[in-house]
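query_23.cif follows; it contains mmCIF, C-alpha atoms and all ligand atoms.
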```
data_start
loop_
_atom_site.group_PDB
_atom_site.id
_atom_site.type_symbol
_atom_site.label_atom_id
_atom_site.label_comp_id
_atom_site.auth_asym_id
_atom_site.auth_seq_id
_atom_site.Cartn_x
_atom_site.Cartn_y
_atom_site.Cartn_z
ATOM 1 C CA MET Z 223 85.539 116.686 91.608
ATOM 2 C CA GLU Z 224 88.775 115.135 92.774
ATOM 3 C CA GLU Z 225 88.187 112.276 95.165
ATOM 4 C CA TYR Z 226 90.386 110.964 97.960
ATOM 5 C CA ASP Z 227 89.986 109.398 101.390
ATOM 6 C CA VAL Z 228 92.235 111.759 103.312
ATOM 7 C CA MET Z 229 94.093 115.013 102.917
ATOM 8 C CA VAL Z 230 97.447 115.153 104.646
ATOM 9 C CA ARG Z 231 99.796 118.051 105.174
ATOM 10 C CA LEU Z 232 103.461 117.484 105.990
ATOM 11 C CA LEU Z 233 106.113 120.015 107.016
ATOM 12 C CA LEU Z 234 109.818 119.484 106.301
ATOM 13 C CA LEU Z 235 112.121 120.925 108.958
ATOM 14 C CA GLY Z 236 115.887 120.988 109.310
ATOM 15 C CA GLU Z 237 118.916 123.225 108.908
ATOM 16 C CA ALA Z 238 119.759 124.902 105.603
ATOM 17 C CA GLY Z 239 121.591 122.557 103.254
ATOM 18 C CA VAL Z 240 120.449 119.195 104.669
ATOM 19 C CA GLY Z 241 118.450 118.434 101.498
ATOM 20 C CA LYS Z 242 114.860 119.456 102.306
ATOM 21 C CA SER Z 243 114.165 120.904 98.860
ATOM 22 C CA CYS Z 244 115.698 117.886 97.116
ATOM 23 C CA ILE Z 245 113.590 115.583 99.292
ATOM 24 C CA MET Z 246 110.456 117.532 98.479
ATOM 25 C CA GLN Z 247 111.266 117.194 94.784
ATOM 26 C CA ARG Z 248 111.704 113.434 95.193
ATOM 27 C CA PHE Z 249 108.409 113.218 97.066
ATOM 28 C CA ALA Z 250 106.821 114.993 94.127
ATOM 29 C CA GLY Z 251 108.448 112.562 91.681
ATOM 30 C CA GLU Z 252 110.927 115.056 90.232
ATOM 31 C CA PRO Z 253 114.615 114.436 89.468
ATOM 32 C CA PHE Z 254 117.495 115.288 91.833
ATOM 33 C CA GLN Z 255 119.138 118.701 91.462
ATOM 34 C CA GLU Z 256 122.885 118.780 91.979
ATOM 35 C CA ALA Z 257 123.086 122.580 92.094
ATOM 36 C CA HIS Z 258 121.983 124.152 95.343
ATOM 37 C CA VAL Z 259 119.020 126.431 94.740
ATOM 38 C CA PRO Z 260 118.242 128.361 97.924
ATOM 39 C CA THR Z 261 114.584 128.176 98.866
ATOM 40 C CA ILE Z 262 112.934 131.562 99.222
ATOM 41 C CA GLY Z 263 110.371 131.819 101.999
ATOM 42 C CA VAL Z 264 108.173 128.739 101.831
ATOM 43 C CA ASP Z 265 107.216 126.446 99.012
ATOM 44 C CA PHE Z 266 104.870 123.503 98.703
ATOM 45 C CA LYS Z 267 104.056 120.678 96.336
ATOM 46 C CA THR Z 268 101.008 118.490 96.082
ATOM 47 C CA ARG Z 269 100.949 114.822 95.259
ATOM 48 C CA ARG Z 270 98.497 111.972 95.388
ATOM 49 C CA LEU Z 271 99.174 108.602 96.907
ATOM 50 C CA ASP Z 272 96.973 105.893 95.475
ATOM 51 C CA LYS Z 273 97.061 102.484 97.098
ATOM 52 C CA PRO Z 274 94.491 99.710 96.721
ATOM 53 C CA LYS Z 275 92.904 100.628 100.063
ATOM 54 C CA LEU Z 276 93.817 104.279 100.363
ATOM 55 C CA SER Z 277 93.882 107.389 98.238
ATOM 56 C CA ALA Z 278 95.358 110.492 99.757
ATOM 57 C CA LYS Z 279 96.056 114.013 98.675
ATOM 58 C CA VAL Z 280 99.325 115.142 100.194
ATOM 59 C CA GLN Z 281 100.701 118.629 100.562
ATOM 60 C CA ILE Z 282 104.384 118.896 101.383
ATOM 61 C CA TRP Z 283 105.670 122.171 102.782
ATOM 62 C CA ASP Z 284 109.299 123.135 102.485
ATOM 63 C CA THR Z 285 110.836 125.884 104.579
ATOM 64 C CA ALA Z 286 113.824 128.112 103.947
ATOM 65 C CA GLY Z 287 116.670 129.521 105.966
ATOM 66 C CA ASN Z 288 117.970 128.509 109.350
ATOM 67 C CA ARG Z 289 115.872 127.865 112.399
ATOM 68 C CA ARG Z 290 116.299 131.290 113.929
ATOM 69 C CA TYR Z 291 115.019 132.861 110.735
ATOM 70 C CA ARG Z 292 112.069 130.509 110.606
ATOM 71 C CA VAL Z 293 111.027 131.153 114.179
ATOM 72 C CA GLY Z 294 111.388 134.892 113.622
ATOM 73 C CA CYS Z 295 109.194 134.673 110.538
ATOM 74 C CA GLY Z 296 106.357 133.009 112.389
ATOM 75 C CA PHE Z 297 106.578 129.536 110.884
ATOM 76 C CA GLY Z 298 104.363 128.394 113.710
ATOM 77 C CA GLY Z 299 101.453 129.649 111.585
ATOM 78 C CA LEU Z 300 102.470 127.430 108.701
ATOM 79 C CA PHE Z 301 102.794 124.543 111.109
ATOM 80 C CA ARG Z 302 99.213 124.861 112.342
ATOM 81 C CA GLY Z 303 97.630 123.031 109.405
ATOM 82 C CA CYS Z 304 100.197 120.208 109.394
ATOM 83 C CA GLN Z 305 99.527 116.772 110.871
ATOM 84 C CA GLY Z 306 103.074 115.551 110.403
ATOM 85 C CA VAL Z 307 106.589 116.945 110.667
ATOM 86 C CA ILE Z 308 109.519 115.341 108.886
ATOM 87 C CA LEU Z 309 112.733 116.326 110.642
ATOM 88 C CA ILE Z 310 115.808 116.107 108.446
ATOM 89 C CA PHE Z 311 119.514 116.223 109.180
ATOM 90 C CA ASP Z 312 122.605 115.499 107.094
ATOM 91 C CA VAL Z 313 124.567 112.443 108.281
ATOM 92 C CA SER Z 314 127.766 114.221 107.172
ATOM 93 C CA ASP Z 315 127.025 117.374 109.196
ATOM 94 C CA ARG Z 316 127.159 117.079 112.991
ATOM 95 C CA GLU Z 317 125.745 120.565 113.517
ATOM 96 C CA SER Z 318 122.577 119.723 111.572
ATOM 97 C CA PHE Z 319 122.040 116.757 113.933
ATOM 98 C CA ASN Z 320 122.749 118.764 117.090
ATOM 99 C CA ASN Z 321 120.263 121.407 115.996
ATOM 100 C CA LEU Z 322 117.397 118.919 115.796
ATOM 101 C CA ARG Z 323 116.689 119.375 119.460
ATOM 102 C CA HIS Z 324 115.967 123.060 118.827
ATOM 103 C CA CYS Z 325 113.635 122.131 115.971
ATOM 104 C CA ILE Z 326 111.812 119.727 118.272
ATOM 105 C CA ARG Z 327 111.522 122.383 120.938
ATOM 106 C CA ASP Z 328 109.919 124.723 118.375
ATOM 107 C CA VAL Z 329 107.543 121.987 117.289
ATOM 108 C CA GLU Z 330 106.622 121.155 120.880
ATOM 109 C CA GLY Z 331 105.805 124.831 121.437
ATOM 110 C CA TRP Z 332 103.660 125.024 118.306
ATOM 111 C CA ARG Z 333 101.723 121.827 118.771
ATOM 112 C CA GLN Z 334 100.546 122.619 122.309
ATOM 113 C CA GLY Z 335 99.772 119.027 123.169
ATOM 114 C CA GLU Z 336 97.934 118.284 119.895
ATOM 115 C CA PRO Z 337 98.700 114.914 118.286
ATOM 116 C CA LEU Z 338 101.423 115.031 115.682
ATOM 117 C CA MET Z 339 103.344 112.503 113.628
ATOM 118 C CA LEU Z 340 107.110 112.917 113.694
ATOM 119 C CA LEU Z 341 109.574 111.181 111.387
ATOM 120 C CA LEU Z 342 113.361 111.571 111.387
ATOM 121 C CA LEU Z 343 115.409 111.328 108.195
ATOM 122 C CA GLY Z 344 119.213 111.076 108.121
ATOM 123 C CA ASN Z 345 119.815 112.346 104.605
ATOM 124 C CA LYS Z 346 122.917 112.184 102.355
ATOM 125 C CA ALA Z 347 123.498 108.580 103.420
ATOM 126 C CA ASP Z 348 125.355 108.202 100.108
ATOM 127 C CA ARG Z 349 128.173 110.328 101.568
ATOM 128 C CA ALA Z 350 129.479 107.334 103.499
ATOM 129 C CA ALA Z 351 133.108 108.489 103.563
ATOM 130 C CA TYR Z 352 132.065 111.780 105.187
ATOM 131 C CA ARG Z 353 129.611 110.405 107.706
ATOM 132 C CA VAL Z 354 129.940 111.884 111.198
ATOM 133 C CA VAL Z 355 126.607 110.829 112.758
ATOM 134 C CA SER Z 356 126.176 107.083 113.183
ATOM 135 C CA ALA Z 357 122.915 105.288 112.500
ATOM 136 C CA GLU Z 358 122.935 104.049 116.124
ATOM 137 C CA GLU Z 359 123.161 107.551 117.535
ATOM 138 C CA ALA Z 360 120.388 108.834 115.273
ATOM 139 C CA LEU Z 361 118.202 105.855 116.090
ATOM 140 C CA ALA Z 362 118.627 106.383 119.833
ATOM 141 C CA PHE Z 363 117.636 110.030 119.431
ATOM 142 C CA ALA Z 364 114.612 109.106 117.300
ATOM 143 C CA GLU Z 365 113.473 106.500 119.830
ATOM 144 C CA SER Z 366 113.711 108.998 122.660
ATOM 145 C CA TRP Z 367 111.128 111.100 120.795
ATOM 146 C CA ASN Z 368 109.060 108.153 119.652
ATOM 147 C CA MET Z 369 109.769 108.687 115.964
ATOM 148 C CA LEU Z 370 110.707 106.309 113.197
ATOM 149 C CA TYR Z 371 114.209 106.825 111.792
ATOM 150 C CA LEU Z 372 115.130 106.269 108.148
ATOM 151 C CA GLU Z 373 118.394 106.875 106.342
ATOM 152 C CA THR Z 374 117.836 108.509 102.980
ATOM 153 C CA SER Z 375 119.613 109.820 99.944
ATOM 154 C CA ALA Z 376 117.830 112.358 97.797
ATOM 155 C CA LYS Z 377 120.673 111.915 95.341
ATOM 156 C CA HIS Z 378 120.071 108.193 94.823
ATOM 157 C CA ASN Z 379 116.410 108.196 95.816
ATOM 158 C CA TRP Z 380 117.011 105.835 98.738
ATOM 159 C CA ASN Z 381 114.133 105.300 101.177
ATOM 160 C CA LEU Z 382 112.208 108.410 100.129
ATOM 161 C CA GLN Z 383 109.177 106.654 98.725
ATOM 162 C CA GLU Z 384 109.190 104.621 101.962
ATOM 163 C CA ALA Z 385 109.359 107.781 104.079
ATOM 164 C CA PHE Z 386 106.563 109.370 102.113
ATOM 165 C CA GLU Z 387 104.303 106.330 102.228
ATOM 166 C CA HIS Z 388 104.968 105.706 105.898
ATOM 167 C CA SER Z 389 103.980 109.276 106.766
ATOM 168 C CA VAL Z 390 100.817 109.261 104.700
ATOM 169 C CA GLU Z 391 99.689 105.799 105.784
ATOM 170 C CA GLU Z 392 100.341 106.538 109.442
ATOM 171 C CA LEU Z 393 98.369 109.800 109.264
ATOM 172 C CA ALA Z 394 95.567 108.203 107.260
ATOM 173 C CA ARG Z 395 95.334 105.452 109.863
ATOM 174 C CA ARG Z 396 94.965 108.062 112.591
ATOM 175 C CA GLN Z 397 92.438 110.200 110.673
ATOM 176 C CA LEU Z 398 90.299 107.324 109.463
ATOM 177 C CA GLY Z 399 90.637 105.548 112.790
ATOM 178 C CA ALA Z 400 89.346 108.652 114.542
ATOM 179 C CA CYS Z 401 86.314 108.810 112.224
ATOM 180 C CA ALA Z 402 85.426 105.122 112.521
HETATM 181 P P1 LIG I 501 117.882 122.573 101.820
HETATM 182 O O1 LIG I 501 118.570 123.859 102.126
HETATM 183 O O2 LIG I 501 117.666 121.768 103.077
HETATM 184 O O3 LIG I 501 116.624 122.749 101.032
HETATM 185 O O4 LIG I 501 118.891 121.704 100.943
HETATM 186 P P2 LIG I 501 118.855 121.410 99.360
HETATM 187 O O5 LIG I 501 117.786 120.461 99.031
HETATM 188 O O6 LIG I 501 118.860 122.693 98.616
HETATM 189 O O7 LIG I 501 120.242 120.645 99.176
HETATM 190 C C1 LIG I 501 121.471 121.249 99.571
HETATM 191 C C2 LIG I 501 122.634 120.619 98.783
HETATM 192 O O8 LIG I 501 122.800 119.267 99.168
HETATM 193 C C3 LIG I 501 122.408 120.600 97.260
HETATM 194 O O9 LIG I 501 123.635 120.905 96.627
HETATM 195 C C4 LIG I 501 121.983 119.190 96.970
HETATM 196 O O10 LIG I 501 122.348 118.794 95.662
HETATM 197 C C5 LIG I 501 122.746 118.404 98.045
HETATM 198 N N1 LIG I 501 122.035 117.179 98.459
HETATM 199 C C6 LIG I 501 120.736 117.077 98.862
HETATM 200 N N2 LIG I 501 120.432 115.813 99.164
HETATM 201 C C7 LIG I 501 121.566 115.083 98.963
HETATM 202 C C8 LIG I 501 121.883 113.693 99.118
HETATM 203 O O11 LIG I 501 121.070 112.838 99.485
HETATM 204 N N3 LIG I 501 123.181 113.329 98.830
HETATM 205 C C9 LIG I 501 124.114 114.229 98.415
HETATM 206 N N4 LIG I 501 125.340 113.756 98.179
HETATM 207 N N5 LIG I 501 123.845 115.541 98.256
HETATM 208 C C10 LIG I 501 122.585 115.969 98.519
HETATM 209 MG MG MG I 502 115.683 124.475 100.404
#
```

Rewrite the structure of this file - the entire thing - as structure tokens.
Amino acid sequence: MEEYDVMVRLLLLGEAGVGKSCIMQRFAGEPFQEAHVPTIGVDFKTRRLDKPKLSAKVQIWDTAGNRRYRVGCGFGGLFRGCQGVILIFDVSDRESFNNLRHCIRDVEGWRQGEPLMLLLLGNKADRAAYRVVSAEEALAFAESWNMLYLETSAKHNWNLQEAFEHSVEELARRQLGACA
């Protein structure tokens, strides 16, 4: 039987096109895909994280379509088994940043006061010449919701292992801490 200390489920949320599917592929150790392949419905990948003091089985759920579609399709049900939500916007797309507050409102409705780990990723940080959301602005938003903020690039694999490990370690700390 497969052995691990904790099982963690993460949900990726953000507008269409911000890079959720590419980030999920990076989390799973797969190469970057330049061509946009629209996600159909929902998709998930499983990965292990093995550290000297922690082994975790991690399920990463990727969602498709825009927020309105997701809410209409009852993504709250998918959310129920998740201990962490990774919110993603595109630093070169102002609209994807503005829409985060709607995503958070959905999440707040779903979680109903239950503990939840939130992490904010500003993706496509490699598109420096096209950036329209500053790191300072994103950081201030993240702090107001008590989340960590990381700038990532799925294209160049910047900060994604960090984001993944942070999420898993933080959730493992909470789960194991609660059992101790
Ligand atoms: P999703 O709709 O949120 O799942 O977005 P995708 O993962 O399908 O990515 C949408 C498009 O953005 C694709 O053409 C990707 O190649 C591109 N993309 C994703 N991440 C990055 C990134 O970090 N940098 C750049 N330059 N392009 C990216
Ligand atoms: Mg996708």

Q. What is the CA of Glu384 in chain Z-CA of Trp332 in chain Z distance in Å, reported with one decimal?
A. 26.7 Å

Q: Could the residues that lie within 10 Å of ligand MG 502 (chain I), counting only C-alpha atoms and all ligand atoms, be listed as a ChimeraX atom specification?
A: /Z:234-246,258-265,284-287

Q: Convert the output of the PyMOL selection byres (((chain Z and resi 394) around 9) and not hetatm) on the shown file into explicit residues, formatted as a list in words.
A: Asp227, Val228, Met229, Val230, Leu276, Ala278, Ser389, Val390, Glu391, Glu392, Leu393, Arg395, Arg396, Gln397, Leu398 and Gly399 of chain Z

Q | All residues 6 Å or closer to range 303-310 of chain Z, all atoms listed in the file, same chain fewer than 5 positions away omitted, as a ChimeraX atom specification | A | /Z:231-236,338-343

(Q) Just checking: using all atoms listed in the file, which residue out of Z:Thr268, Z:Phe319, Z:His378, Z:Tyr226 ends up closest to Leu361 in chain Z? (A) Z:Phe319

(Q) Please determine, counting only C-alpha atoms and all ligand atoms, which residue among Z:Pro274, Z:Gly331, Z:Pro253, Z:Pro337 has the shortest atom-to-atom distance to ligand LIG 501 (chain I). (A)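 Residue with the minimum atom-to-atom distance to ligand LIG 501 (chain I): Z:Pro253.
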
Q: Between atom N4 of ligand LIG 501 (chain I) and CA of Arg349 in chain Z, measure the distance and give it in Å to one decimal.
A: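 Straight-line distance from atom N4 of ligand LIG 501 (chain I) to CA of Arg349 in chain Z works out to 5.6 Å.
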
Q) What does the distance from CA of Arg333 in chain Z to CA of Ser277 in chain Z come to in Å, to one decimal? A)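 Distance reported for this atom pair: 26.3 Å.
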
Put the listed atoms of ligand LIG 501 (chain I) in a box along x, y and z with 3 Å added on every side and give me the centre and edge lengths in Å to one decimal, as AutoDock Vina command-line options.
```
--center_x 121.0 --center_y 118.3 --center_z 99.4 --size_x 14.7 --size_y 17.0 --size_z 13.4
```

Selected by the PyMOL selection byres (((chain Z and resi 353) around 12) and not hetatm) in the shown coordinates: which residues, as a short mmCIF file (atom, residue, chain, number, x, y, z; two decimals) with C-alpha atoms, keeping the file's coordinate frame?
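The result, stored in part18.cif:
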```
data_model
loop_
_atom_site.label_atom_id
_atom_site.label_comp_id
_atom_site.auth_asym_id
_atom_site.auth_seq_id
_atom_site.Cartn_x
_atom_site.Cartn_y
_atom_site.Cartn_z
CA PHE Z 311 119.51 116.22 109.18
CA ASP Z 312 122.60 115.50 107.09
CA VAL Z 313 124.57 112.44 108.28
CA SER Z 314 127.77 114.22 107.17
CA ASP Z 315 127.02 117.37 109.20
CA ARG Z 316 127.16 117.08 112.99
CA PHE Z 319 122.04 116.76 113.93
CA GLY Z 344 119.21 111.08 108.12
CA ASN Z 345 119.82 112.35 104.60
CA LYS Z 346 122.92 112.18 102.36
CA ALA Z 347 123.50 108.58 103.42
CA ASP Z 348 125.36 108.20 100.11
CA ARG Z 349 128.17 110.33 101.57
CA ALA Z 350 129.48 107.33 103.50
CA ALA Z 351 133.11 108.49 103.56
CA TYR Z 352 132.06 111.78 105.19
CA VAL Z 354 129.94 111.88 111.20
CA VAL Z 355 126.61 110.83 112.76
CA SER Z 356 126.18 107.08 113.18
CA ALA Z 357 122.92 105.29 112.50
CA GLU Z 373 118.39 106.88 106.34
#
```

Q) Of the candidates Z:Gln383, Z:Ser366, Z:Asn320, Z:Gln247, which shows the shortest atom-to-atom distance to ligand LIG 501 (chain I), using all atoms listed in the file? A) Z:Gln247

(Q) I'd like the neighbourhood of range 380-382 of chain Z as a list of chain:residue names, where a residue qualifies if any of its atoms comes within 9 Å (using only C-alpha atoms), though same-chain residues fewer than 3 positions away should be ignored. (A)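 My list of contacting residues is Z:Ile245, Z:Arg248, Z:Phe249, Z:Ala347, Z:Asp348, Z:Leu372, Z:Glu373, Z:Thr374, Z:Ser375, Z:Ala376, Z:Lys377, Z:Ala385, Z:Phe386, Z:Glu387.
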
Q: Rank nothing, just name the residue among Z:Lys267, Z:His324, Z:Ser318, Z:Leu300 nearest to ligand LIG 501 (chain I), using all atoms listed in the file.
A: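 Nearest candidate to ligand LIG 501 (chain I) out of Z:Lys267, Z:His324, Z:Ser318, Z:Leu300: Z:Ser318.
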